[in-house]
Each structure stands twice: as structure tokens, then as C-alpha cells.
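K.L.:
File query_33.pdb below, PDB, C-alpha atoms:
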ATOM      1  CA  MET A   1       0.000   0.000   0.000
ATOM      2  CA  ALA A   2       1.390   3.388  -0.993
ATOM      3  CA  ILE A   3       1.569   6.216   1.535
ATOM      4  CA  GLN A   4      -1.573   8.350   1.321
ATOM      5  CA  ILE A   5      -1.002  12.106   1.146
ATOM      6  CA  LYS A   6      -4.142  13.679   2.568
ATOM      7  CA  SER A   7      -5.991  16.601   1.023
ATOM      8  CA  PRO A   8      -6.942  19.636   3.150
ATOM      9  CA  GLU A   9     -10.522  18.323   3.232
ATOM     10  CA  GLN A  10      -9.383  14.921   4.474
ATOM     11  CA  ILE A  11      -7.145  16.489   7.110
ATOM     12  CA  GLU A  12     -10.060  18.565   8.366
ATOM     13  CA  LYS A  13     -12.050  15.353   8.871
ATOM     14  CA  MET A  14      -9.072  13.874  10.708
ATOM     15  CA  ARG A  15      -8.989  16.932  12.976
ATOM     16  CA  VAL A  16     -12.567  16.183  13.972
ATOM     17  CA  ALA A  17     -11.866  12.480  14.604
ATOM     18  CA  GLY A  18      -8.692  13.326  16.507
ATOM     19  CA  ARG A  19     -10.461  15.823  18.724
ATOM     20  CA  LEU A  20     -13.157  13.256  19.536
ATOM     21  CA  ALA A  21     -10.560  10.621  20.476
ATOM     22  CA  ALA A  22      -8.826  13.124  22.770
ATOM     23  CA  ASP A  23     -12.181  13.987  24.352
ATOM     24  CA  VAL A  24     -12.774  10.330  25.237
ATOM     25  CA  LEU A  25      -9.507  10.227  27.202
ATOM     26  CA  ASP A  26     -10.495  13.417  29.028
ATOM     27  CA  MET A  27     -13.925  11.991  29.780
ATOM     28  CA  ILE A  28     -12.752   8.615  31.114
ATOM     29  CA  GLY A  29     -10.083   9.948  33.497
ATOM     30  CA  PRO A  30     -12.318  10.491  36.551
ATOM     31  CA  HIS A  31     -13.613   6.907  36.195
ATOM     32  CA  VAL A  32     -10.143   5.333  36.520
ATOM     33  CA  VAL A  33     -10.264   4.565  40.244
ATOM     34  CA  PRO A  34      -9.567   1.585  42.490
ATOM     35  CA  GLY A  35     -12.342  -1.016  42.231
ATOM     36  CA  VAL A  36     -13.499  -0.216  38.704
ATOM     37  CA  THR A  37     -13.231  -2.987  36.117
ATOM     38  CA  THR A  38     -11.796  -2.434  32.672
ATOM     39  CA  ASN A  39     -15.079  -3.779  31.283
ATOM     40  CA  GLU A  40     -16.844  -0.897  33.023
ATOM     41  CA  LEU A  41     -14.372   1.563  31.485
ATOM     42  CA  ASP A  42     -14.996  -0.034  28.087
ATOM     43  CA  LYS A  43     -18.770   0.376  28.425
ATOM     44  CA  ILE A  44     -18.484   4.014  29.498
ATOM     45  CA  CYS A  45     -16.227   4.797  26.525
ATOM     46  CA  HIS A  46     -18.380   2.822  24.092
ATOM     47  CA  ASP A  47     -21.565   4.581  25.155
ATOM     48  CA  TYR A  48     -19.871   7.999  25.014
ATOM     49  CA  ILE A  49     -18.423   7.412  21.529
ATOM     50  CA  VAL A  50     -21.641   5.979  20.085
ATOM     51  CA  ASN A  51     -24.287   8.077  21.842
ATOM     52  CA  GLU A  52     -22.601  11.398  22.634
ATOM     53  CA  GLN A  53     -20.127  11.691  19.777
ATOM     54  CA  GLU A  54     -22.211   9.759  17.225
ATOM     55  CA  ALA A  55     -18.996   8.074  16.142
ATOM     56  CA  ILE A  56     -17.732   4.491  15.865
ATOM     57  CA  PRO A  57     -15.236   2.797  18.230
ATOM     58  CA  ALA A  58     -12.712   1.476  15.713
ATOM     59  CA  PRO A  59     -11.307  -1.454  17.754
ATOM     60  CA  LEU A  60     -14.693  -3.189  18.120
ATOM     61  CA  ASN A  61     -14.636  -6.264  15.836
ATOM     62  CA  TYR A  62     -11.386  -5.058  14.189
ATOM     63  CA  HIS A  63      -9.846  -8.378  13.081
ATOM     64  CA  GLY A  64     -12.056  -9.930  15.762
ATOM     65  CA  PHE A  65     -11.091  -7.686  18.710
ATOM     66  CA  PRO A  66     -14.049  -8.012  21.095
ATOM     67  CA  LYS A  67     -14.139  -4.606  22.795
ATOM     68  CA  SER A  68     -14.340  -0.884  21.986
ATOM     69  CA  ILE A  69     -11.098   0.212  23.696
ATOM     70  CA  CYS A  70      -7.766  -1.367  24.635
ATOM     71  CA  THR A  71      -6.861  -1.408  28.343
ATOM     72  CA  SER A  72      -3.296  -2.508  29.115
ATOM     73  CA  VAL A  73      -2.561  -2.783  32.849
ATOM     74  CA  ASN A  74       0.876  -2.834  34.500
ATOM     75  CA  TYR A  75       3.090  -5.279  32.551
ATOM     76  CA  GLN A  76       0.628  -5.505  29.665
ATOM     77  CA  VAL A  77       2.304  -3.675  26.769
ATOM     78  CA  CYS A  78      -0.619  -3.156  24.392
ATOM     79  CA  HIS A  79      -3.907  -4.561  23.057
ATOM     80  CA  GLY A  80      -5.200  -5.538  26.493
ATOM     81  CA  ILE A  81      -8.801  -6.754  26.329
ATOM     82  CA  PRO A  82     -11.152  -5.197  28.913
ATOM     83  CA  SER A  83     -12.334  -7.732  31.497
ATOM     84  CA  ASP A  84     -14.084  -8.063  34.850
ATOM     85  CA  LYS A  85     -10.809  -7.777  36.762
ATOM     86  CA  LYS A  86     -10.882  -4.787  39.115
ATOM     87  CA  LEU A  87      -8.165  -2.138  39.115
ATOM     88  CA  LYS A  88      -6.389  -1.687  42.431
ATOM     89  CA  LYS A  89      -4.383   1.077  44.080
ATOM     90  CA  GLY A  90      -0.927   1.374  42.593
ATOM     91  CA  ASP A  91      -1.892  -0.042  39.191
ATOM     92  CA  VAL A  92      -1.067   1.857  36.034
ATOM     93  CA  ILE A  93      -3.143   1.512  32.882
ATOM     94  CA  ASN A  94      -2.856   2.540  29.262
ATOM     95  CA  ILE A  95      -6.210   3.343  27.667
ATOM     96  CA  ASP A  96      -6.039   3.329  23.868
ATOM     97  CA  ILE A  97      -8.889   5.039  22.004
ATOM     98  CA  THR A  98      -9.594   5.070  18.286
ATOM     99  CA  VAL A  99     -12.767   6.631  16.908
ATOM    100  CA  ILE A 100     -14.106   6.755  13.375
ATOM    101  CA  LYS A 101     -16.049   9.876  12.420
ATOM    102  CA  ASP A 102     -17.218  10.594   8.890
ATOM    103  CA  GLY A 103     -15.000   7.757   7.648
ATOM    104  CA  PHE A 104     -11.737   8.960   9.241
ATOM    105  CA  HIS A 105      -9.801   7.662  12.255
ATOM    106  CA  GLY A 106      -8.396   9.439  15.316
ATOM    107  CA  ASP A 107      -6.059   7.279  17.431
ATOM    108  CA  THR A 108      -4.539   8.180  20.804
ATOM    109  CA  SER A 109      -3.584   6.664  24.149
ATOM    110  CA  LYS A 110      -2.589   7.806  27.602
ATOM    111  CA  MET A 111      -1.274   6.343  30.854
ATOM    112  CA  PHE A 112      -3.481   6.649  33.942
ATOM    113  CA  TYR A 113      -2.503   6.057  37.553
ATOM    114  CA  VAL A 114      -4.927   4.143  39.775
ATOM    115  CA  GLY A 115      -4.566   5.963  43.062
ATOM    116  CA  LYS A 116      -1.089   7.262  43.890
ATOM    117  CA  PRO A 117       1.755   5.680  41.886
ATOM    118  CA  ASN A 118       5.127   4.787  43.327
ATOM    119  CA  VAL A 119       8.194   6.730  42.209
ATOM    120  CA  ALA A 120       9.424   4.055  39.775
ATOM    121  CA  THR A 121       6.036   3.785  38.050
ATOM    122  CA  GLU A 122       5.707   7.535  37.734
ATOM    123  CA  ARG A 123       9.200   7.893  36.286
ATOM    124  CA  LEU A 124       8.590   5.199  33.654
ATOM    125  CA  CYS A 125       5.360   6.873  32.528
ATOM    126  CA  GLU A 126       6.993  10.303  32.376
ATOM    127  CA  VAL A 127       9.940   9.016  30.326
ATOM    128  CA  ALA A 128       7.569   7.277  27.885
ATOM    129  CA  GLN A 129       5.601  10.505  27.468
ATOM    130  CA  ILE A 130       8.739  12.563  26.892
ATOM    131  CA  ALA A 131       9.965   9.962  24.384
ATOM    132  CA  LEU A 132       6.740  10.499  22.430
ATOM    133  CA  TYR A 133       7.169  14.282  22.533
ATOM    134  CA  ILE A 134      10.803  14.012  21.386
ATOM    135  CA  GLY A 135       9.582  12.084  18.342
ATOM    136  CA  ILE A 136       6.741  14.507  17.634
ATOM    137  CA  ASP A 137       9.027  17.538  17.939
ATOM    138  CA  MET A 138      11.185  16.216  15.087
ATOM    139  CA  VAL A 139       8.341  15.819  12.610
ATOM    140  CA  LYS A 140       8.562  18.105   9.583
ATOM    141  CA  PRO A 141       8.965  17.681   5.831
ATOM    142  CA  GLY A 142      12.380  16.316   4.860
ATOM    143  CA  ILE A 143      13.070  14.415   8.090
ATOM    144  CA  LYS A 144      13.395  10.640   7.764
ATOM    145  CA  LEU A 145      11.429   8.259   9.956
ATOM    146  CA  GLY A 146      14.669   6.581  11.022
ATOM    147  CA  ASP A 147      15.781   9.851  12.607
ATOM    148  CA  ILE A 148      12.653   9.860  14.778
ATOM    149  CA  GLY A 149      13.001   6.225  15.816
ATOM    150  CA  HIS A 150      16.672   6.750  16.655
ATOM    151  CA  ALA A 151      15.920   9.780  18.838
ATOM    152  CA  ILE A 152      13.164   7.948  20.763
ATOM    153  CA  GLN A 153      15.380   4.898  21.290
ATOM    154  CA  THR A 154      18.431   6.927  22.300
ATOM    155  CA  TYR A 155      16.520   8.949  24.886
ATOM    156  CA  SER A 156      14.695   5.956  26.394
ATOM    157  CA  GLU A 157      17.785   3.771  26.633
ATOM    158  CA  ALA A 158      19.763   6.633  28.203
ATOM    159  CA  GLN A 159      17.129   6.567  30.983
ATOM    160  CA  HIS A 160      17.829   2.812  31.383
ATOM    161  CA  TYR A 161      14.613   1.634  29.777
ATOM    162  CA  SER A 162      14.037  -0.468  26.664
ATOM    163  CA  ILE A 163      11.910   0.021  23.539
ATOM    164  CA  VAL A 164       9.520  -2.643  22.255
ATOM    165  CA  ARG A 165      10.393  -3.390  18.618
ATOM    166  CA  GLU A 166       7.571  -5.649  17.488
ATOM    167  CA  TYR A 167       4.966  -2.861  17.416
ATOM    168  CA  CYS A 168       5.177   0.573  15.875
ATOM    169  CA  GLY A 169       3.313   3.684  14.874
ATOM    170  CA  HIS A 170       1.468   3.706  11.573
ATOM    171  CA  GLY A 171      -0.106   5.744   8.843
ATOM    172  CA  ILE A 172      -3.766   6.468   9.476
ATOM    173  CA  GLY A 173      -6.720   8.051   7.698
ATOM    174  CA  GLU A 174      -9.706   6.310   6.182
ATOM    175  CA  VAL A 175      -7.797   3.111   7.009
ATOM    176  CA  PHE A 176      -6.963   2.320  10.666
ATOM    177  CA  HIS A 177      -3.435   1.056   9.899
ATOM    178  CA  GLU A 178      -1.807   2.126   6.639
ATOM    179  CA  GLU A 179       1.692   2.930   5.428
ATOM    180  CA  PRO A 180       4.169   4.045   6.623
ATOM    181  CA  GLN A 181       5.279   2.003   9.602
ATOM    182  CA  VAL A 182       6.785   4.319  12.219
ATOM    183  CA  LEU A 183       9.457   2.466  14.200
ATOM    184  CA  HIS A 184      10.495   3.718  17.624
ATOM    185  CA  TYR A 185      14.091   2.609  17.165
ATOM    186  CA  GLY A 186      16.506   2.727  14.273
ATOM    187  CA  LYS A 187      19.345   4.458  12.502
ATOM    188  CA  PRO A 188      19.545   8.127  11.520
ATOM    189  CA  ASP A 189      19.074   9.033   7.847
ATOM    190  CA  THR A 190      17.164   5.829   7.042
ATOM    191  CA  GLY A 191      13.565   5.098   6.142
ATOM    192  CA  VAL A 192      10.796   7.078   4.516
ATOM    193  CA  THR A 193      11.218  10.834   4.065
ATOM    194  CA  ILE A 194       8.344  12.730   5.679
ATOM    195  CA  GLU A 195       6.183  14.920   3.413
ATOM    196  CA  GLU A 196       3.497  17.517   4.022
ATOM    197  CA  GLY A 197       0.051  15.899   4.115
ATOM    198  CA  MET A 198       1.211  12.632   5.656
ATOM    199  CA  THR A 199      -0.753  11.537   8.721
ATOM    200  CA  PHE A 200       0.582   8.902  11.107
ATOM    201  CA  THR A 201       0.859   7.927  14.751
ATOM    202  CA  ILE A 202       3.857   7.841  17.048
ATOM    203  CA  GLU A 203       3.300   5.520  20.024
ATOM    204  CA  PRO A 204       6.481   4.257  21.730
ATOM    205  CA  MET A 205       6.149   1.330  24.143
ATOM    206  CA  VAL A 206       8.776   1.751  26.854
ATOM    207  CA  ASN A 207       9.625  -1.124  29.209
ATOM    208  CA  GLN A 208      11.033  -0.948  32.721
ATOM    209  CA  GLY A 209      12.983  -4.148  32.119
ATOM    210  CA  LYS A 210      14.025  -5.890  28.908
ATOM    211  CA  ARG A 211      12.318  -5.173  25.593
ATOM    212  CA  HIS A 212      11.171  -8.757  25.034
ATOM    213  CA  ILE A 213       7.446  -9.461  24.889
ATOM    214  CA  LYS A 214       4.992 -12.290  24.357
ATOM    215  CA  THR A 215       1.353 -12.539  23.335
ATOM    216  CA  LEU A 216      -1.151 -14.236  25.655
ATOM    217  CA  PRO A 217      -3.389 -17.112  24.472
ATOM    218  CA  ASP A 218      -6.217 -14.623  23.760
ATOM    219  CA  ASN A 219      -4.074 -13.702  20.705
ATOM    220  CA  TRP A 220      -4.321 -10.000  21.540
ATOM    221  CA  THR A 221      -2.871  -9.057  24.925
ATOM    222  CA  VAL A 222       0.880  -8.393  24.733
ATOM    223  CA  ILE A 223       2.917  -8.554  27.957
ATOM    224  CA  THR A 224       6.545  -8.062  28.942
ATOM    225  CA  LYS A 225       8.342 -11.409  29.226
ATOM    226  CA  ASP A 226       9.944 -10.369  32.521
ATOM    227  CA  HIS A 227       6.631  -9.032  33.928
ATOM    228  CA  LYS A 228       8.159  -5.601  34.501
ATOM    229  CA  LEU A 229       6.018  -2.537  33.813
ATOM    230  CA  SER A 230       5.464  -1.063  30.368
ATOM    231  CA  ALA A 231       4.187   2.413  29.446
ATOM    232  CA  GLN A 232       2.910   3.907  26.199
ATOM    233  CA  TRP A 233       1.500   7.212  24.968
ATOM    234  CA  GLU A 234       0.191   7.831  21.454
ATOM    235  CA  HIS A 235      -0.843  10.706  19.224
ATOM    236  CA  THR A 236      -2.104  11.055  15.652
ATOM    237  CA  LEU A 237      -0.087  13.635  13.702
ATOM    238  CA  ASN A 238      -0.461  15.726  10.577
ATOM    239  CA  VAL A 239       2.700  16.847   8.788
ATOM    240  CA  THR A 240       2.368  20.551   7.938
ATOM    241  CA  SER A 241       4.466  22.663   5.561
ATOM    242  CA  ASP A 242       6.870  23.616   8.343
ATOM    243  CA  GLY A 243       6.328  21.128  11.162
ATOM    244  CA  VAL A 244       3.641  19.102  12.843
ATOM    245  CA  GLU A 245       0.056  19.366  14.085
ATOM    246  CA  ILE A 246      -1.017  16.992  16.872
ATOM    247  CA  LEU A 247      -4.540  16.031  15.863
ATOM    248  CA  THR A 248      -5.271  14.296  19.201
ATOM    249  CA  LEU A 249      -3.780  16.924  21.546
ATOM    250  CA  ARG A 250      -5.576  17.285  24.880
ATOM    251  CA  ASP A 251      -5.909  20.645  26.653
ATOM    252  CA  GLU A 252      -3.672  19.397  29.476
ATOM    253  CA  GLU A 253      -0.841  19.010  26.935
ATOM    254  CA  LYS A 254      -0.948  22.463  25.368
ATOM    255  CA  ASN A 255       2.546  23.179  26.732
ATOM    256  CA  TRP A 256       3.978  19.793  25.741
ATOM    257  CA  ARG A 257       7.185  21.315  24.393
ATOM    258  CA  ASP A 258       8.037  22.517  27.902
ATOM    259  CA  LEU A 259       8.673  18.866  28.845
ATOM    260  CA  LEU A 260      11.314  18.359  26.143
ATOM    261  CA  PRO A 261      14.874  17.871  27.445
ATOM    262  CA  SER A 262      16.852  21.079  27.135
TER     263      SER A 262
END
Using the file provided, produce a representation of the structure as C-alpha cells.
P.N.:
Amino acid sequence: MAIQIKSPEQIEKMRVAGRLAADVLDMIGPHVVPGVTTNELDKICHDYIVNEQEAIPAPLNYHGFPKSICTSVNYQVCHGIPSDKKLKKGDVINIDITVIKDGFHGDTSKMFYVGKPNVATERLCEVAQIALYIGIDMVKPGIKLGDIGHAIQTYSEAQHYSIVREYCGHGIGEVFHEEPQVLHYGKPDTGVTIEEGMTFTIEPMVNQGKRHIKTLPDNWTVITKDHKLSAQWEHTLNVTSDGVEILTLRDEEKNWRDLLPS
């Protein structure tokens, strides 16, 4: 599949879908508390997307995925299936939201603390978020995707964490996952050259321990092999003539560049 360069009209539709996806993460935050089940979080998000936003939760029935959101808790890396297991104090959870509105996708995820996190958990989540922002800050026409992956990997490994290599960011638009693949590791000056009108996600998965992972028998849930924590943040991006527009930016992130290492 060739990389799709989006028209201004298509990008405007992606802005709408991106804003809706961001709104779901804002909405669900107060519900992430000790004792809630991830199934309950899934139902709240599903009802909000379908009834309030009049949109479609993209994960539901995508290649057979049974729920409307992904909920990855503690050492689950990604694609966690909501269940009746209750969250407890000290847990950390990634909630991954993708909505379809008017035929276009908005895809984003965020880490949430259940109660007060310990110092190690908080640091992992902060490093993963900064790694995402480092990648986003590099996006502009003429940069190669390998440069972005290298910067994310270099920063994360310097903080003594590891980067999952089996999963990556992706092109997105009318199709949930399209070209290009956006690796979160790599060599400078390699890979696809970024052009204005490209839309894709960056979504590094950062592990507290080793980078190695395995998939559970449900064929979806990915966990760290060493059962150490994993953290991930994700945004959908639009490449502009001179930089980047974060289509899924939340209000709480308006000053995201302030978190970049000096």
C-alpha cells in the first residue's frame, strides 16, 4: 500500500476524529479509580463514543477484537482486552482510544494512575511521554522516519529503559493502519522521508525491564516477558508545511514542548 497524502478536506475530517478521540480520554479519566473494572471503562467509553459523539469505536470487531477500547494494565504492553478484573491502588493503565467519524480515524492513548503511583512507576510513565514528545518535535517535511526512531530509542535507553520493537506507529486516515510504519528505534538518515500531508501515529512502548514481549493465548494481549512494567503514549499527527500538528492533543498538553529535554 502506498503512503496516502491527505488533502486539506481529508485532514479537516481527521482533525474532527482526533479531537473526539482526545475527548474520550479526558472523559474517562475520573472513572479510573480503584475497584473499577476495565469492562466498566470499556462500556463508558463505548456509550460515550456511540451516543454522545455519534462516532464508531474502531477497535470493536477489528480483526475480531471483542471490545471498543484497549486497556493494558501494568506489565501488559498493548492490546489488552477489557475484562471483569478490578483495578487496584498502585496499578497503572494505558487506555487506547480510536474513533471513526465521517470515515476517518483518530487514534490516541494515555497512561493513567490508579490511586497514587510509586516513584518508579511515575518515572517510567513520564519518560515514555517525553519519548513520544521528542519524536513529535522532530516531525517536519524532509526528516526521515529513522531519525525519529533513533531519537526515541536513544533517549529511552539513556534513561535505562528499553523500547519494544515488534509494534510501531502507523499511517492512518480512512484506514486504521496504513503505510508508513513508524518504528520507535533505528538508525539516523534511514527510512521514509516525511512529506506535508502525511498523517501517522507515534506511540512508543517503553519497558522498565528488557524489551522482550509475548502474546497471551487470547491472541491479543501483549505482555513483557519479565513481567516488569510497560508504558505507552500515542498521538495522531499531521505533517504541515513547516512542522507538525497533533490532531489528538488534549488541553492538558498544550505546553507539551516545555517537557522536552533542554
K.L.:
Give me, as a list in words, all polymer residues having an atom no more than 12 Å from Tyr48 in chain A, counting only C-alpha atoms and skipping those fewer than 3 positions away in the same chain.
P.N.:
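The neighbour list is Leu20, Ala21, Asp23, Val24, Leu25, Asp26, Met27, Ile28, Leu41, Asp42, Lys43, Ile44, Cys45, Asn51, Glu52, Gln53, Glu54, Ala55, Ile56, Pro57, Ser68, Ile69, Ile97 and Val99 of chain A.
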K.L.:
Closest to Ala128 in chain A among A:Cys70, A:Ile143, A:Ala231, A:Ile246, using only C-alpha atoms?
P.N.:
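The shortest atom-to-atom distance to Ala128 in chain A comes from A:Ala231.
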K.L.:
Phe104 in chain A: which residues within 7 Å, counting only C-alpha atoms, same-chain residues fewer than 5 positions away excluded, as a PyMOL selection string?
P.N.:
chain A and resi 13-14+17+173-174
K.L.:
Enter the distance from CA of Arg15 in chain A to CA of Leu249 in chain A, in Å, rounded to one decimal.
P.N.:
10.0 Å
K.L.:
Excluding Thr108 in chain A and any residue of its chain fewer than 3 positions from it, enumerate the residues within 6 Å of it, using all atoms listed in the file, and give them as a ChimeraX atom specification.
P.N.:
/A:96-97,234-235
K.L.:
Calculate how many Å separate CA of Asp147 in chain A from CA of Asn94 in chain A, rounding to one decimal.
P.N.:
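Spanning CA of Asp147 in chain A to CA of Asn94 in chain A is a straight-line distance of 26.0 Å.
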K.L.:
How many Å separate CA of Thr240 in chain A from CA of Gly146 in chain A?
P.N.:
18.9 Å
K.L.:
Report the residues retrieved by the PyMOL selection byres ((chain A and resi 202) around 8) from the displayed file, expressed as number ranges by chain.
P.N.:
A: 132, 135-136, 168-170, 182, 184, 200-201, 203-204, 234-237
K.L.:
Return the single residue from A:Ser109, A:Thr193, A:Gln129, A:Asn118 that is closest to Ile148 in chain A, with distances computed using all atoms listed in the file.
P.N.:
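Residue with the minimum atom-to-atom distance to Ile148 in chain A: A:Thr193.
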K.L.:
Here is a test: counting all atoms listed in the file, which residue of A:Gly103, A:Gly191, A:Pro261, A:Gly243 is nearest to Ile11 in chain A?
P.N.:
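The shortest atom-to-atom distance to Ile11 in chain A comes from A:Gly103.
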K.L.:
Measuring between all atoms listed in the file, which one of A:Pro8, A:Gly90, A:Gly18, A:Gly197 shows the shortest distance to Val139 in chain A?
P.N.:
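When distances to Val139 in chain A are compared using all atoms listed in the file, the smallest one comes from A:Gly197.
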